[in-house]
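Below is coords33.csv, which holds CSV, C-alpha atoms.
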chain,number,residue,atom,x,y,z
A,128,MET,CA,39.1,-39.4,-149.4
A,129,ILE,CA,38.5,-37.3,-152.5
A,130,ASP,CA,38.1,-39.0,-155.9
A,131,TYR,CA,38.0,-37.1,-159.1
A,132,PHE,CA,35.8,-37.8,-162.1
A,133,TYR,CA,37.0,-38.2,-165.6
A,134,VAL,CA,34.8,-35.3,-166.7
A,135,ASN,CA,35.0,-31.6,-166.2
A,136,PHE,CA,32.4,-31.3,-163.5
A,137,TYR,CA,31.5,-33.2,-160.3
A,138,TYR,CA,28.3,-33.9,-158.4
A,139,PHE,CA,27.6,-33.6,-154.7
A,140,GLY,CA,24.0,-34.2,-153.7
A,141,CYS,CA,21.8,-33.6,-150.7
A,142,LEU,CA,18.6,-35.5,-149.8
A,143,ARG,CA,15.8,-33.6,-148.0
A,144,ASP,CA,12.3,-34.5,-147.0
A,145,ASN,CA,13.0,-38.2,-147.0
A,146,GLY,CA,14.4,-37.9,-150.5
A,147,GLN,CA,11.2,-36.6,-152.1
A,148,HIS,CA,13.1,-33.5,-153.3
A,149,VAL,CA,16.6,-34.2,-154.5
A,150,LYS,CA,19.0,-31.2,-154.8
A,151,PHE,CA,22.2,-31.9,-156.7
A,152,VAL,CA,25.1,-29.4,-156.2
A,153,PRO,CA,28.1,-30.4,-158.3
A,154,LYS,CA,31.5,-29.7,-156.9
A,155,THR,CA,35.2,-30.3,-157.7
A,156,ALA,CA,35.3,-33.4,-155.6
A,157,ARG,CA,33.1,-35.9,-153.7
A,158,ILE,CA,33.1,-37.0,-150.1
A,159,SER,CA,32.6,-40.7,-149.5
A,160,ALA,CA,29.2,-41.5,-148.1
A,161,ARG,CA,29.1,-42.6,-144.4
A,162,LYS,CA,28.9,-46.3,-143.8
A,163,GLU,CA,25.7,-47.6,-142.2
A,164,ALA,CA,25.3,-51.0,-140.6
A,165,LYS,CA,21.6,-51.0,-141.6
A,166,PRO,CA,19.6,-48.7,-143.9
A,167,VAL,CA,17.7,-46.3,-141.7
A,168,LYS,CA,14.6,-44.6,-142.8
A,169,THR,CA,15.0,-40.9,-141.9
A,170,SER,CA,13.9,-37.5,-143.0
A,171,SER,CA,17.1,-35.8,-142.0
A,172,PRO,CA,19.5,-34.5,-144.6
A,173,GLY,CA,22.0,-37.0,-146.0
A,174,PHE,CA,24.7,-37.1,-148.6
A,175,LEU,CA,25.0,-39.1,-151.8
A,176,ARG,CA,27.9,-39.4,-154.2
A,177,VAL,CA,28.1,-39.9,-157.9
A,178,GLU,CA,31.1,-41.7,-159.4
A,179,ILE,CA,32.3,-42.3,-162.9
A,180,ASN,CA,33.4,-45.9,-163.6
A,181,PRO,CA,35.9,-45.7,-166.5
A,182,GLU,CA,36.3,-49.5,-166.8
A,183,PHE,CA,32.6,-50.0,-167.8
A,184,ASP,CA,32.0,-46.4,-169.0
A,185,GLY,CA,29.3,-46.1,-166.4
A,186,VAL,CA,28.0,-43.7,-163.8
A,187,GLU,CA,27.2,-44.9,-160.3
A,188,VAL,CA,24.9,-43.2,-157.7
A,189,TYR,CA,25.4,-44.1,-154.1
A,190,PHE,CA,22.8,-43.2,-151.4
A,191,PRO,CA,23.6,-43.1,-147.7
A,192,SER,CA,20.3,-44.9,-147.0
A,193,LYS,CA,17.4,-46.3,-149.0
A,194,PRO,CA,15.9,-43.5,-151.1
A,195,SER,CA,12.2,-42.9,-151.2
A,196,GLU,CA,9.9,-44.6,-153.7
A,197,THR,CA,9.6,-41.3,-155.6
A,198,THR,CA,13.3,-41.1,-156.0
A,199,ARG,CA,13.7,-44.7,-157.1
A,200,ASP,CA,11.0,-44.3,-159.7
A,201,ALA,CA,12.7,-41.2,-161.0
A,202,LEU,CA,16.0,-43.1,-161.3
A,203,LYS,CA,14.3,-46.0,-163.1
A,204,SER,CA,12.6,-43.5,-165.5
A,205,ALA,CA,15.9,-42.0,-166.3
A,206,GLY,CA,17.4,-45.4,-167.2
A,207,TYR,CA,19.2,-46.2,-164.0
A,208,ARG,CA,19.3,-49.8,-162.6
A,209,TRP,CA,20.0,-51.2,-159.1
A,210,HIS,CA,23.3,-53.0,-158.6
A,211,SER,CA,22.6,-55.4,-155.7
A,212,LYS,CA,26.3,-56.2,-155.0
A,213,LYS,CA,27.7,-52.6,-155.1
A,214,LYS,CA,24.5,-51.2,-153.6
A,215,CYS,CA,24.3,-48.4,-156.1
A,216,TRP,CA,22.2,-47.2,-159.0
A,217,TYR,CA,24.0,-47.3,-162.3
A,218,ALA,CA,23.7,-46.4,-166.0
A,219,LYS,CA,25.9,-45.6,-169.0
A,220,SER,CA,28.1,-42.5,-168.6
A,221,THR,CA,26.4,-40.3,-171.1
A,222,GLU,CA,25.6,-36.6,-170.9
A,223,LYS,CA,21.9,-37.4,-170.8
A,224,ASN,CA,22.3,-39.7,-167.8
A,225,LEU,CA,24.5,-37.2,-166.0
A,226,GLN,CA,22.1,-34.3,-166.7
A,227,ALA,CA,19.2,-36.4,-165.3
A,228,LEU,CA,20.9,-36.1,-161.9
A,229,GLY,CA,20.9,-32.3,-161.9
A,230,SER,CA,22.5,-29.2,-163.4
A,231,PRO,CA,26.3,-28.8,-163.2
A,232,SER,CA,27.8,-26.0,-161.2
A,233,ASP,CA,31.2,-24.7,-160.1
A,234,SER,CA,30.5,-24.6,-156.4
A,235,ALA,CA,29.1,-26.7,-153.6
A,236,GLU,CA,27.9,-26.4,-150.0
A,237,ILE,CA,28.5,-29.0,-147.3
A,238,ASP,CA,25.8,-28.8,-144.7
A,239,CYS,CA,27.0,-30.7,-141.5
A,240,ARG,CA,24.3,-31.2,-138.9
A,241,VAL,CA,24.4,-33.8,-136.0
A,242,TYR,CA,21.4,-34.7,-133.9
A,243,LEU,CA,22.2,-35.8,-130.4
A,244,VAL,CA,19.9,-37.0,-127.5
A,245,ASP,CA,20.8,-36.6,-123.9
A,246,PRO,CA,21.9,-40.1,-122.8
A,247,ALA,CA,19.9,-39.6,-119.6
A,248,GLN,CA,16.7,-39.6,-121.8
A,249,LEU,CA,17.5,-43.0,-123.3
A,250,ALA,CA,15.4,-45.7,-121.5
A,251,THR,CA,16.4,-48.9,-123.3
A,252,ALA,CA,19.5,-50.7,-124.4
A,253,LYS,CA,18.1,-50.7,-127.9
A,254,ASP,CA,17.9,-46.9,-128.0
A,255,ILE,CA,21.4,-46.5,-126.6
A,256,SER,CA,22.8,-49.0,-129.1
A,257,TYR,CA,21.0,-47.1,-132.0
A,258,ARG,CA,22.3,-43.7,-130.9
A,259,ASP,CA,25.9,-45.1,-130.4
A,260,THR,CA,25.8,-46.6,-134.0
A,261,ARG,CA,24.5,-43.3,-135.4
A,262,THR,CA,27.1,-41.3,-133.5
A,263,ALA,CA,29.9,-43.6,-134.9
A,264,GLU,CA,28.5,-42.9,-138.4
A,265,GLU,CA,28.5,-39.2,-137.8
A,266,ILE,CA,32.1,-39.3,-136.6
A,267,ALA,CA,33.2,-41.2,-139.8
A,268,PHE,CA,31.3,-38.8,-141.9
A,269,LEU,CA,32.8,-35.7,-140.3
A,270,GLU,CA,36.3,-37.2,-140.6
A,271,ASP,CA,35.6,-37.6,-144.3
A,272,VAL,CA,34.6,-33.9,-144.4
A,273,LEU,CA,37.8,-32.9,-142.7
A,274,GLN,CA,39.9,-35.0,-145.1
A,275,ALA,CA,38.0,-33.5,-148.1
A,276,LEU,CA,38.8,-30.0,-146.8
A,277,ARG,CA,42.5,-30.9,-146.4
A,278,ASP,CA,42.5,-32.2,-150.0
A,279,TYR,CA,40.7,-29.1,-151.1
A,280,ARG,CA,43.5,-27.0,-149.7
A,281,LYS,CA,46.0,-29.1,-151.7
A,282,ASP,CA,43.9,-28.5,-154.8
A,283,LEU,CA,44.0,-24.8,-154.1
A,284,ALA,CA,47.8,-24.9,-153.8
A,285,ALA,CA,48.0,-26.8,-157.1
A,286,ARG,CA,45.7,-24.2,-158.8
A,287,TYR,CA,47.9,-21.4,-157.4
A,288,GLY,CA,50.9,-23.1,-159.0
A,289,ALA,CA,49.1,-23.6,-162.3
A,290,LEU,CA,48.2,-20.0,-162.5
A,291,ASP,CA,51.9,-19.1,-162.3
A,292,THR,CA,52.6,-21.0,-165.5
A,293,MET,CA,49.3,-20.6,-167.4
A,294,ALA,CA,49.2,-18.3,-170.4
A,295,TYR,CA,47.2,-15.1,-169.9
A,296,THR,CA,46.5,-11.6,-171.4
A,297,ARG,CA,46.5,-8.3,-169.5
A,298,ALA,CA,43.8,-5.7,-169.7
A,299,LEU,CA,44.2,-2.1,-168.5
A,300,LYS,CA,41.1,-0.1,-167.5
A,301,LEU,CA,40.5,3.4,-166.3
A,302,GLU,CA,37.0,3.8,-164.7
A,303,ARG,CA,35.1,6.8,-163.3
A,304,ILE,CA,33.1,5.8,-160.3
A,305,PRO,CA,30.4,8.2,-159.0
A,306,HIS,CA,29.6,7.9,-155.3
A,307,TRP,CA,27.0,9.4,-153.0
A,308,LYS,CA,26.7,13.1,-152.7
A,309,GLY,CA,28.5,13.7,-156.0
A,310,ASN,CA,31.9,12.3,-155.0
A,311,ILE,CA,33.9,10.9,-157.8
A,312,GLU,CA,36.6,8.3,-157.8
A,313,TYR,CA,38.9,7.1,-160.6
A,314,ILE,CA,40.1,3.5,-160.6
A,315,VAL,CA,43.0,2.2,-162.6
A,316,THR,CA,43.2,-1.6,-162.8
A,317,ILE,CA,45.2,-4.2,-164.6
A,318,THR,CA,43.6,-7.6,-164.8
A,319,ARG,CA,45.1,-10.9,-166.0
A,320,HIS,CA,42.7,-13.0,-168.1
A,321,TYR,CA,43.5,-16.7,-168.0
A,322,SER,CA,41.8,-19.5,-170.0
A,323,GLY,CA,38.8,-21.0,-168.4
A,324,LYS,CA,37.2,-17.7,-167.4
A,325,THR,CA,39.7,-17.1,-164.6
A,326,ASN,CA,40.5,-13.4,-164.0
A,327,VAL,CA,43.0,-12.1,-161.5
A,328,GLN,CA,43.4,-8.5,-160.6
A,329,GLU,CA,47.1,-7.6,-160.8
A,330,LEU,CA,46.9,-3.9,-160.0
A,331,ARG,CA,44.3,-1.6,-158.5
A,332,GLU,CA,44.9,2.1,-157.8
A,333,SER,CA,42.3,4.6,-156.6
A,334,PHE,CA,42.3,8.4,-157.2
A,335,PRO,CA,39.8,10.9,-155.8
A,336,GLY,CA,38.0,13.1,-158.3
A,337,LYS,CA,40.2,16.1,-157.5
A,338,GLU,CA,43.2,14.0,-158.7
A,339,ARG,CA,41.7,13.2,-162.1
A,340,LYS,CA,44.9,14.3,-163.9
A,341,LYS,CA,47.0,11.9,-161.8
A,342,ALA,CA,44.6,9.0,-162.7
A,343,PHE,CA,45.0,9.8,-166.5
A,344,ASP,CA,48.8,10.2,-166.1
A,345,ARG,CA,49.0,6.8,-164.4
A,346,TYR,CA,46.8,5.2,-167.1
A,347,ASN,CA,49.0,6.6,-169.8
A,348,ALA,CA,52.2,5.5,-168.0
A,349,LEU,CA,50.9,1.9,-167.8
A,350,LEU,CA,50.1,2.0,-171.5
A,351,LYS,CA,53.8,2.7,-172.2
A,352,GLN,CA,55.0,0.2,-169.7
A,353,TYR,CA,52.9,-2.6,-171.3
A,354,PRO,CA,53.0,-2.1,-175.1
A,355,GLY,CA,50.1,-3.7,-176.9
A,356,ILE,CA,48.1,-4.2,-173.7
A,357,HIS,CA,44.3,-4.2,-174.2
A,358,SER,CA,43.0,-1.0,-172.8
A,359,GLU,CA,39.6,0.6,-172.0
A,360,MET,CA,38.3,3.8,-170.6
A,361,ASP,CA,34.9,4.1,-168.9
A,362,ILE,CA,34.8,7.7,-167.8
A,363,GLU,CA,31.5,9.0,-169.1
A,364,LYS,CA,28.9,10.3,-166.7
A,365,ARG,CA,26.1,7.9,-165.9
A,366,SER,CA,22.6,8.7,-167.2
A,367,TRP,CA,21.3,9.2,-163.7
A,368,GLU,CA,24.0,11.7,-162.6
A,369,LYS,CA,22.9,15.3,-162.4

Whole structure, structure tokens version:
Amino acid sequence: MIDYFYVNFYYFGCLRDNGQHVKFVPKTARISARKEAKPVKTSSPGFLRVEINPEFDGVEVYFPSKPSETTRDALKSAGYRWHSKKKCWYAKSTEKNLQALGSPSDSAEIDCRVYLVDPAQLATAKDISYRDTRTAEEIAFLEDVLQALRDYRKDLAARYGALDTMAYTRALKLERIPHWKGNIEYIVTITRHYSGKTNVQELRESFPGKERKKAFDRYNALLKQYPGIHSEMDIEKRSWEK
């Protein structure tokens, strides 16, 4: 299930090398950490999550297994404390404490890897039980990933709807593009500029160099069609052109 923070960015972290190097990749949502019957010391990649607790104005960090001593010391140095009941590291929700976890970003990568051992190679009941427990955990985790992707599609649909009602400005551009062997292309575009650095190309028309006049005529026609539109021409030769 996806939970959303009460801030404008989100964290999604990956542990590597037994947690000695923590890489935080923020994203628009988090995936619940897989449940483990017992903490397992492992050097394989795992996932952690960071949640904002609005009731106590706090930030909570959940690890899928016990982090390394280096990671624990880093959390303590940053002002985080261990919550024995909730099994998480917590601190006040401040910009400083969030920045201590890593740098915000607008994208994320989910790396799903499952390690399996041929059952015929397992010699004891203990080994079989351990592998069965780990497999159940992997299934639960992958189900969380699938649900997160379904929710992400819903977020994409909501974003699509928001763009239909969001205010924007149009920009018209005529650009001369030099290609290999001296070929020239003229591109006419209209781009919608939304708030939040979102840009959507509404129109794109291409004209070969021999149809330069058609490109200019089209550009001028669009100027008349959209009075007051921001316009730009980039038709000068590049410095490297002969």

Point to revise | Å distance separating CA of Gln248 in chain A from CA of Ala263 in chain A, one decimal place | key: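 CA of Ala263 in chain A lies at a distance of 19.0 Å from CA of Gln248 in chain A.
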
**Study point:** Neighbours of point (37.6, 6.5, -163.2) within 6 Å, using only C-alpha atoms, written as an NGL selection string
**Key:** :A and (301-304 or 312-314 or 362)

**Study point:** Residue with smallest distance to Arg297 in chain A - pool A:Trp367, A:Tyr353, A:Phe334, A:Phe343, counting only C-alpha atoms
**Key:**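 Once distances to Arg297 in chain A are computed over only C-alpha atoms, the minimum belongs to A:Tyr353.
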
Exercise for review: Measuring atom to atom with only C-alpha atoms, identify which of A:Ala252, A:Leu273, A:Leu299, A:Val241 is nearest to Lys351 in chain A.
Suggested key: A:Leu299

Point to revise | Interatomic distance (Å, one decimal) between CA of His357 in chain A and CA of Ala298 in chain A | key: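 Separation between CA of His357 in chain A and CA of Ala298 in chain A: 4.8 Å.
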